[in-house]
Amino acid sequence: MVGSALTLLAFLGSVALLILAVIVLGRLLVFFSNVLWPLAVAGVIALIMRPIVEWLQRRMKWRRLAAVIALYVVFVLLVTGALILLLPPLIDQLINFVGYVPTLWTSSVTWVEAHYPQWVELIQRHLENPSIRKAVDAVAIESKTLFSHAVPSLRAAFGGVLDVFAFLTHLAIIPVYLFFFLLMRGEPTRNLGTHFPFLRPSVRDDVVFLASEFVSIIEAFFRGQLLIGLCMGVLFAIGFSVIGLKFGLFIGIALGILNIVPYLGTILGLAVSLPLAFFQPGGGWQLVGLVLLVKAIVQCIESWVLTPKIMGHHTGLHPVVIIVAIFFWGTAFGGILGMLLAVPLTAFFVTAWRLVKWKYFRAANV
């Protein structure tokens with residue numbers, strides 16, 4: 001009994017230390033985010049573009065430096081052309097969409113009052129209850145407080161001239177990091193073992209293996225998600241524009257970008273496109289059905305063609321595990337950063353657990 005109690009206590013202590021490590025890591029990432037995010041962006045882009053550089057070097061017999069410069073020139077030309085073609089209509093639709101949101105809200109409230117007056121009456125009657133009214137007022141006060149804290153934070157982040165200059169500086173340093181990352185030859189973790197001479201050879205091999213697996217998961221996930229998001233954004237933009245959805249180009253591209261975070265584009269896409277399709281001038285149930293049809297077609301293309309061809313089953317995670325991981329890492333790392341890293345981090349820990357279970361627990365049971 002004493003041994004079981006000590007084992008349970010040790011297990012709970014290990015879990016507490018793991019949770020504390022995650023919290024501390026999240027706080028450190030938030031504190032040093034301005035330093036880390038340019039490195040992270042450049043590193044991910046380098047992992048994505050490295051196979052092209054190696055192909056130019058191997059097939060075209062170019063030097064590494066010439067291959068990197070040629071890839072830079074092509075990349076800049078493609079990005080510049082895309083911005084010239086897409087940026088003006090996207091900005092125009094974004095501004096018009098922001099201005100249309102109050103009209104959409106008014107139309108929604110008017111439609112509900114006209115078609116479901118009993119709901120409005122039921123809500124008004126319950127709001128007369130002092131307890132419910134007090135709870136609603138408390139929620140409203142909390143929302144105002146949250147907004148009042150959020151606005152100064154946004155102003156502090158983007159409002160000052162020095163902050164904007166710092167952001168542009170961090171953004172401008174990404175190509176410099178990327179250039180030197182692409183010039184690196186071989187695998188990023190090839191010399192990692194030399195930095196851990198104090199570890200036993202077997203443990204050092206496990207550390208190098210896990211680091212290599214993490215880099216490969218990051219490379220496959222972000223390369224796949226970026227390509228899939230781009231393809232889905234183009235398909236959504238074409239489909240929504242063809243069926244006549246207002247702001248179809250902007251909404252389609254935005255949903256494609258949001259699909260970098262699994263399921264985020266789907267949830268926000270339905271939450272925005274369906275009310276807009278119903279309440280826009282000339283809209284209605286027919287346009288809602290067309291939006292759902294476009295969504296279903298693009299989702300089928302993504303599930304049956306894009307994901308198997310581009311990503312395969314590299315992560316091997318169940319959809320429920322992915323959803324839980326997004327919420328967990330989003331909470332641990334304070335928002336969008338954790339949501340972006342949720343799938344690769346979870347896949348890495350699953351790989352680490354399988355290695356530990358196979359190497360140590362299996363050996364203990366033999």
# chains A, B, ... in the order shown; residues from 1 in each chain; ligands from 1
$ select_by_dssp --residues "region 223-350 of chain A" --states "helix (DSSP H, G or I)" --output "ChimeraX atom specification"
/A:223-243,248-258,264-279,285-310,319-332,336-350
$ closest_residue --among "A:Val35, A:Ala352, A:Val30, A:Ala347" --to "Thr169 (chain A)" --atoms "only C-alpha atoms"
A:Val35
$ closest_residue --among "A:Val109, A:Ile218, A:Met1, A:Ala332" --to "Leu28 (chain A)" --atoms "only C-alpha atoms"
A:Ala332
$ closest_residue --among "A:Ile173, A:Ala114, A:Ile228, A:Ile323" --to "Leu36 (chain A)" --atoms "only C-alpha atoms"
A:Ile173
$ closest_atom_pairs --of "region 99-128 of chain A" --to "region 71-94 of chain A" --cutoff "12 Å" --atoms "only C-alpha atoms" --output "CSV"
residue,atom,partner,partner_atom,distance
A:Gly99,CA,A:Leu94,CA,8.7
A:Tyr100,CA,A:Leu94,CA,9.8
A:Val101,CA,A:Leu94,CA,10.8
$ closest_residue --among "A:Gly252, A:Ile322, A:Ser33, A:Trp105" --to "Cys231 (chain A)" --atoms "only C-alpha atoms"
A:Gly252
$ residues_around --residues "region 235-240 of chain A" --least-positions-apart "2" --cutoff "10 Å" --atoms "only C-alpha atoms" --output "number ranges by chain"
A: 229-233, 242-256, 269, 273, 277, 287, 290-291, 293-295, 297-299, 301
$ write_last_selection --atoms "C-alpha atoms" --output "short mmCIF file (atom, residue, chain, number, x, y, z; two decimals), in the first residue's frame"
data_model
loop_
_atom_site.label_atom_id
_atom_site.label_comp_id
_atom_site.auth_asym_id
_atom_site.auth_seq_id
_atom_site.Cartn_x
_atom_site.Cartn_y
_atom_site.Cartn_z
CA GLY A 229 -5.00 26.29 -47.63
CA LEU A 230 -3.94 28.06 -50.82
CA CYS A 231 -5.81 25.59 -53.03
CA MET A 232 -8.93 25.73 -50.85
CA GLY A 233 -8.83 29.54 -50.77
CA VAL A 242 -19.68 32.30 -59.25
CA ILE A 243 -22.80 31.78 -57.11
CA GLY A 244 -22.99 35.53 -56.36
CA LEU A 245 -22.07 35.61 -52.66
CA LYS A 246 -21.28 39.15 -51.53
CA PHE A 247 -17.57 39.63 -50.78
CA GLY A 248 -16.96 36.12 -52.16
CA LEU A 249 -13.33 36.74 -53.12
CA PHE A 250 -12.32 38.07 -49.70
CA ILE A 251 -14.25 35.40 -47.75
CA GLY A 252 -12.88 32.57 -49.91
CA ILE A 253 -9.23 33.64 -49.57
CA ALA A 254 -9.68 34.27 -45.83
CA LEU A 255 -11.17 30.80 -45.27
CA GLY A 256 -8.30 29.22 -47.17
CA GLY A 269 -16.67 29.91 -42.84
CA SER A 273 -21.02 32.84 -45.17
CA ALA A 277 -25.95 34.47 -48.03
CA LEU A 287 -28.18 31.07 -51.99
CA LEU A 290 -25.50 27.06 -53.05
CA VAL A 291 -23.01 28.14 -50.37
CA LEU A 293 -22.95 23.04 -52.04
CA VAL A 294 -19.70 24.95 -52.71
CA LYS A 295 -18.52 24.17 -49.18
CA ILE A 297 -17.57 20.25 -53.01
CA VAL A 298 -14.41 22.00 -51.79
CA GLN A 299 -14.38 19.89 -48.61
CA ILE A 301 -11.80 17.84 -52.91
#
$ residues_around --residues "Val176 (chain A)" --least-positions-apart "4" --cutoff "10 Å" --atoms "only C-alpha atoms" --output "PyMOL selection string"
chain A and resi 38-39+42+171-172+180-181
$ write_last_selection --atoms "N, CA and C atoms" --output "tab-separated table (two decimals), in the first residue's frame"
chain	number	residue	atom	x	y	z
A	38	PRO	N	10.06	35.88	-36.09
A	38	PRO	CA	10.77	35.94	-37.38
A	38	PRO	C	11.63	34.70	-37.64
A	39	LEU	N	12.29	34.19	-36.57
A	39	LEU	CA	13.08	32.97	-36.73
A	39	LEU	C	12.20	31.78	-37.10
A	42	ALA	N	10.92	32.17	-40.75
A	42	ALA	CA	12.00	31.89	-41.69
A	42	ALA	C	12.37	30.41	-41.68
A	171	LEU	N	9.79	42.03	-39.63
A	171	LEU	CA	9.33	41.46	-40.89
A	171	LEU	C	10.44	41.49	-41.94
A	172	ALA	N	11.22	42.56	-41.95
A	172	ALA	CA	12.28	42.69	-42.95
A	172	ALA	C	13.45	41.75	-42.69
A	180	PHE	N	20.14	32.59	-45.02
A	180	PHE	CA	21.18	31.79	-44.37
A	180	PHE	C	20.68	30.38	-44.03
A	181	PHE	N	19.39	30.24	-43.71
A	181	PHE	CA	18.84	28.91	-43.47
A	181	PHE	C	18.91	28.06	-44.72
$ residues_around --residues "region 17-25 of chain A" --least-positions-apart "5" --cutoff "10 Å" --atoms "only C-alpha atoms" --output "JSON, numbers by chain"
{"A": [11, 12, 30, 31, 329, 331, 332, 333, 334]}
$ write_last_selection --atoms "C-alpha atoms" --output "PDB file, in the first residue's frame"
ATOM      1  CA  PHE A  11       3.118  10.118 -10.989  1.00  0.00           C
ATOM      2  CA  LEU A  12       1.115  13.156  -9.851  1.00  0.00           C
ATOM      3  CA  VAL A  30       4.831  35.061 -25.367  1.00  0.00           C
ATOM      4  CA  PHE A  31       7.529  37.196 -23.708  1.00  0.00           C
ATOM      5  CA  TRP A 329      -2.122  24.185 -27.060  1.00  0.00           C
ATOM      6  CA  THR A 331      -4.676  27.792 -24.153  1.00  0.00           C
ATOM      7  CA  ALA A 332      -1.143  26.778 -23.151  1.00  0.00           C
ATOM      8  CA  PHE A 333       0.621  29.105 -25.602  1.00  0.00           C
ATOM      9  CA  GLY A 334      -1.841  31.968 -25.418  1.00  0.00           C
TER      10      GLY A 334
END
$ residues_around --residues "Ser202 (chain A)" --least-positions-apart "5" --cutoff "12 Å" --atoms "only C-alpha atoms" --output "NGL selection string"
:A and (193 or 196-197 or 207-209 or 359-360)
$ closest_residue --among "A:Arg190, A:Leu268, A:Phe179, A:Asn34" --to "Arg64 (chain A)" --atoms "only C-alpha atoms"
A:Phe179
